[in-house]
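Data block for my_file.cif (mmCIF, C-alpha atoms):
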```
data_final
#
loop_
_atom_site.label_atom_id
_atom_site.label_comp_id
_atom_site.auth_asym_id
_atom_site.auth_seq_id
_atom_site.Cartn_x
_atom_site.Cartn_y
_atom_site.Cartn_z
CA MET A 1351 34.99 97.77 116.54
CA SER A 1352 38.44 99.12 115.78
CA VAL A 1353 41.34 96.88 114.87
CA LEU A 1354 43.17 97.88 118.05
CA ALA A 1355 40.18 96.96 120.23
CA SER A 1356 39.80 93.65 118.40
CA VAL A 1357 43.48 92.80 118.89
CA ALA A 1358 43.25 93.76 122.57
CA LEU A 1359 40.23 91.48 123.08
CA ARG A 1360 41.95 88.57 121.35
CA ALA A 1361 45.09 89.09 123.41
CA ARG A 1362 43.04 89.22 126.63
CA ASP A 1363 41.23 85.98 125.72
CA ALA A 1364 44.52 84.26 124.87
CA VAL A 1365 46.08 85.27 128.19
CA LYS A 1366 42.94 84.19 130.06
CA GLY A 1367 43.05 80.82 128.27
CA VAL A 1368 46.71 80.25 129.16
CA TRP A 1369 46.12 81.15 132.80
CA ARG A 1370 43.16 78.76 132.95
CA GLU A 1371 45.40 76.07 131.50
CA VAL A 1372 48.23 76.88 133.92
CA THR A 1373 45.79 76.69 136.84
CA LYS A 1374 44.43 73.28 135.81
CA PHE A 1375 47.95 72.02 135.12
CA GLY A 1376 48.92 73.28 138.58
CA VAL A 1377 46.05 71.46 140.31
CA VAL A 1378 46.91 68.19 138.55
CA GLY A 1379 50.58 68.80 139.32
CA ALA A 1380 49.86 69.45 143.01
CA LEU A 1381 48.01 66.14 143.30
CA ALA A 1382 50.82 64.37 141.45
CA PHE A 1383 53.33 66.07 143.77
CA VAL A 1384 51.54 64.61 146.81
CA VAL A 1385 51.55 61.12 145.24
CA ASP A 1386 55.20 61.48 144.18
CA ASN A 1387 56.67 62.83 147.39
CA GLY A 1388 54.32 60.99 149.72
CA GLY A 1389 55.03 57.75 147.90
CA TYR A 1390 58.78 58.35 147.94
CA ASN A 1391 58.83 59.09 151.67
CA LEU A 1392 56.73 56.01 152.44
CA LEU A 1393 58.93 53.80 150.27
CA VAL A 1394 62.25 55.07 151.67
CA PHE A 1395 61.47 56.24 155.20
CA GLY A 1396 58.29 54.31 156.03
CA LEU A 1397 55.45 55.57 158.17
CA PRO A 1398 56.22 58.43 160.58
CA GLY A 1399 57.56 57.02 163.82
CA GLY A 1400 58.62 53.77 162.18
CA ALA A 1401 62.14 52.84 163.25
CA GLU A 1402 63.00 50.50 160.39
CA GLY A 1403 62.33 52.72 157.39
CA GLY A 1404 60.47 51.90 154.21
CA VAL A 1405 60.60 48.84 151.99
CA MET A 1406 62.97 50.61 149.56
CA ARG A 1407 65.18 52.32 152.16
CA GLU A 1408 68.31 50.92 150.53
CA PHE A 1409 67.20 51.97 147.05
CA PRO A 1410 66.29 55.69 147.15
CA VAL A 1411 66.92 56.36 143.46
CA GLN A 1412 64.73 53.42 142.42
CA ALA A 1413 62.08 54.54 144.93
CA SER A 1414 62.14 57.95 143.27
CA VAL A 1415 61.49 56.31 139.91
CA VAL A 1416 58.57 54.24 141.29
CA ALA A 1417 56.95 57.21 143.04
CA THR A 1418 57.40 59.50 140.05
CA GLY A 1419 55.99 56.82 137.74
CA ALA A 1420 52.82 56.53 139.84
CA ALA A 1421 52.47 60.32 139.86
CA ALA A 1422 52.97 60.39 136.08
CA LEU A 1423 50.00 58.06 135.56
CA LEU A 1424 47.82 60.34 137.65
CA SER A 1425 49.18 63.32 135.75
CA TRP A 1426 48.42 61.81 132.35
CA ALA A 1427 44.81 61.08 133.26
CA GLY A 1428 44.27 64.49 134.86
CA ASN A 1429 45.88 66.42 132.04
CA ARG A 1430 44.32 64.41 129.23
CA TYR A 1431 40.79 64.41 130.57
CA TRP A 1432 40.72 67.81 132.30
CA THR A 1433 43.52 70.28 131.52
CA TYR A 1434 43.87 69.49 127.81
CA ARG A 1435 40.55 67.75 127.14
CA HIS A 1436 40.02 69.99 124.10
CA ARG A 1437 43.45 69.13 122.64
CA HIS A 1438 43.40 65.33 122.23
CA ARG A 1439 45.27 63.63 119.47
CA GLU A 1440 43.26 61.26 117.33
CA ARG A 1441 45.80 58.52 117.96
CA LEU A 1442 45.92 57.79 121.69
CA THR A 1443 49.04 55.63 121.35
CA GLN A 1444 51.03 58.49 119.82
CA GLU A 1445 49.88 60.88 122.54
CA LEU A 1446 50.70 58.39 125.27
CA ALA A 1447 54.14 57.64 123.79
CA LEU A 1448 54.99 61.36 123.70
CA PHE A 1449 53.65 61.76 127.24
CA LEU A 1450 55.80 58.88 128.47
CA LEU A 1451 58.86 60.30 126.74
CA ALA A 1452 58.30 63.71 128.36
CA ASN A 1453 57.85 61.99 131.71
CA LEU A 1454 61.00 59.90 131.31
CA VAL A 1455 62.88 63.17 131.10
CA GLY A 1456 60.98 64.32 134.21
CA VAL A 1457 61.84 61.09 136.05
CA ALA A 1458 65.50 61.52 135.10
CA LEU A 1459 65.49 65.10 136.41
CA THR A 1460 63.85 64.13 139.70
CA ALA A 1461 65.91 60.97 140.26
CA GLY A 1462 69.04 62.79 139.10
CA THR A 1463 68.76 65.34 141.86
CA VAL A 1464 68.39 62.55 144.44
CA TYR A 1465 71.42 60.83 142.93
CA ALA A 1466 73.43 64.05 143.07
CA SER A 1467 72.39 64.70 146.66
CA ARG A 1468 73.12 61.17 147.85
CA HIS A 1469 76.17 60.17 145.81
CA LEU A 1470 77.90 63.42 144.88
CA LEU A 1471 77.18 65.49 147.99
CA GLY A 1472 76.97 62.58 150.46
CA LEU A 1473 73.67 63.76 151.98
CA ASP A 1474 71.15 61.15 153.12
CA SER A 1475 68.70 62.76 155.51
CA VAL A 1476 64.95 63.07 155.04
CA PHE A 1477 65.42 66.83 154.65
CA SER A 1478 68.18 66.62 152.02
CA ASP A 1479 66.30 63.99 150.01
CA ASN A 1480 63.16 66.11 150.00
CA VAL A 1481 65.03 69.29 149.07
CA ALA A 1482 66.69 67.42 146.20
CA ARG A 1483 63.35 65.99 145.05
CA VAL A 1484 61.58 69.37 145.21
CA PHE A 1485 64.38 70.94 143.15
CA GLY A 1486 64.11 68.11 140.61
CA TRP A 1487 60.33 68.34 140.65
CA VAL A 1488 60.44 72.07 139.84
CA LEU A 1489 62.79 71.46 136.89
CA ALA A 1490 60.68 68.52 135.69
CA THR A 1491 57.42 70.47 136.02
CA LEU A 1492 58.70 73.36 133.90
CA PHE A 1493 59.91 70.91 131.27
CA ARG A 1494 56.63 68.95 131.30
CA PHE A 1495 54.41 72.02 130.97
CA PHE A 1496 56.18 73.16 127.83
CA ALA A 1497 56.48 69.62 126.41
CA TYR A 1498 52.80 68.80 127.02
CA ARG A 1499 51.67 72.08 125.50
CA ARG A 1500 53.97 71.92 122.47
CA TYR A 1501 54.25 68.19 121.66
CA VAL A 1502 51.89 65.97 123.65
CA PHE A 1503 48.46 67.60 123.86
CA VAL A 1504 48.34 69.53 120.60
CA ALA A 1505 45.34 71.34 119.23
CA PRO A 1506 43.42 69.27 116.66
#
```

Now that the file is in, can you turn its structure into structure tokens?
Amino acid sequence: MSVLASVALRARDAVKGVWREVTKFGVVGALAFVVDNGGYNLLVFGLPGGAEGGVMREFPVQASVVATGAAALLSWAGNRYWTYRHRHRERLTQELALFLLANLVGVALTAGTVYASRHLLGLDSVFSDNVARVFGWVLATLFRFFAYRRYVFVAP
């Protein structure tokens, strides 16, 4: 086999591996997104049709932190045991600490967009909260993918 053919095969396999990883990361992220946004909406706005709102209706930023924290736990388990199962660190505590640090940045990004929407722009509707959270979620997801890949779930 020629050197060029060998390089092409290795490049193809590398791209295929990254896309497989992106797909798994996306599935875990989609489930975490449902937990995060569903949890936030239940905490702040309550069940659909409920007139009183959720138990944290007066604390939307804190509700964002709680919902994102629950989603982060799901994300850690899904990514550790499925997406990056071949890239575990030997020391679980170090991996978990790095994961939590990456997710604290993600929580800050997601809660920060809610804060900006509510307190800087003066918006407080269901729609504006969800737009702010989706924008924060996109930023946080991009950050997390690169942080997980580079620092958290490293090849042995």

Near-Ala1461 in chain A list (6 Å; only C-alpha atoms; drop same-chain fewer than 4 positions) as a list of chain:residue names: A:Val1411, A:Ser1414, A:Val1457

Residues within 12 Å of (63.5, 70.1, 144.7), counting all atoms listed in the file, listed as a count of residues only: 26

Given only C-alpha atoms as the counted atoms, nearest of A:Ala1422, A:Ala1447, A:Val1353, A:Val1502 to Val1378 in chain A: A:Ala1422

A:Tyr1465, A:Trp1432, A:Trp1369, A:Phe1496 ranked by distance to Phe1409 in chain A, top pick (using only C-alpha atoms): A:Tyr1465

The PyMOL selection byres ((chain A and resi 1425) around 12) resolved against shown file, as JSON, numbers by chain: {"A": [1374, 1375, 1376, 1377, 1378, 1379, 1380, 1381, 1382, 1383, 1384, 1385, 1386, 1418, 1419, 1420, 1421, 1422, 1423, 1424, 1426, 1427, 1428, 1429, 1430, 1431, 1432, 1433, 1434, 1446, 1449, 1450, 1452, 1453, 1456, 1491, 1494, 1495, 1498]}

Selection under test: the PyMOL selection byres ((chain A and resi 1404) around 8); residues as a ChimeraX atom specification: /A:1391-1397,1402-1403,1405-1407

Writing out the chosen residues with C-alpha atoms as a PDB file, in the frame of the given file:
```
ATOM      1  CA  ASN A1391      58.830  59.090 151.670  1.00  0.00           C
ATOM      2  CA  LEU A1392      56.730  56.010 152.440  1.00  0.00           C
ATOM      3  CA  LEU A1393      58.930  53.800 150.270  1.00  0.00           C
ATOM      4  CA  VAL A1394      62.250  55.070 151.670  1.00  0.00           C
ATOM      5  CA  PHE A1395      61.470  56.240 155.200  1.00  0.00           C
ATOM      6  CA  GLY A1396      58.290  54.310 156.030  1.00  0.00           C
ATOM      7  CA  LEU A1397      55.450  55.570 158.170  1.00  0.00           C
ATOM      8  CA  GLU A1402      63.000  50.500 160.390  1.00  0.00           C
ATOM      9  CA  GLY A1403      62.330  52.720 157.390  1.00  0.00           C
ATOM     10  CA  VAL A1405      60.600  48.840 151.990  1.00  0.00           C
ATOM     11  CA  MET A1406      62.970  50.610 149.560  1.00  0.00           C
ATOM     12  CA  ARG A1407      65.180  52.320 152.160  1.00  0.00           C
TER      13      ARG A1407
END
```

Pairwise distance for CA of Val1368 in chain A and CA of Tyr1501 in chain A, rounded to one decimal in Å: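 Here the two named atoms are 16.1 Å from each other.
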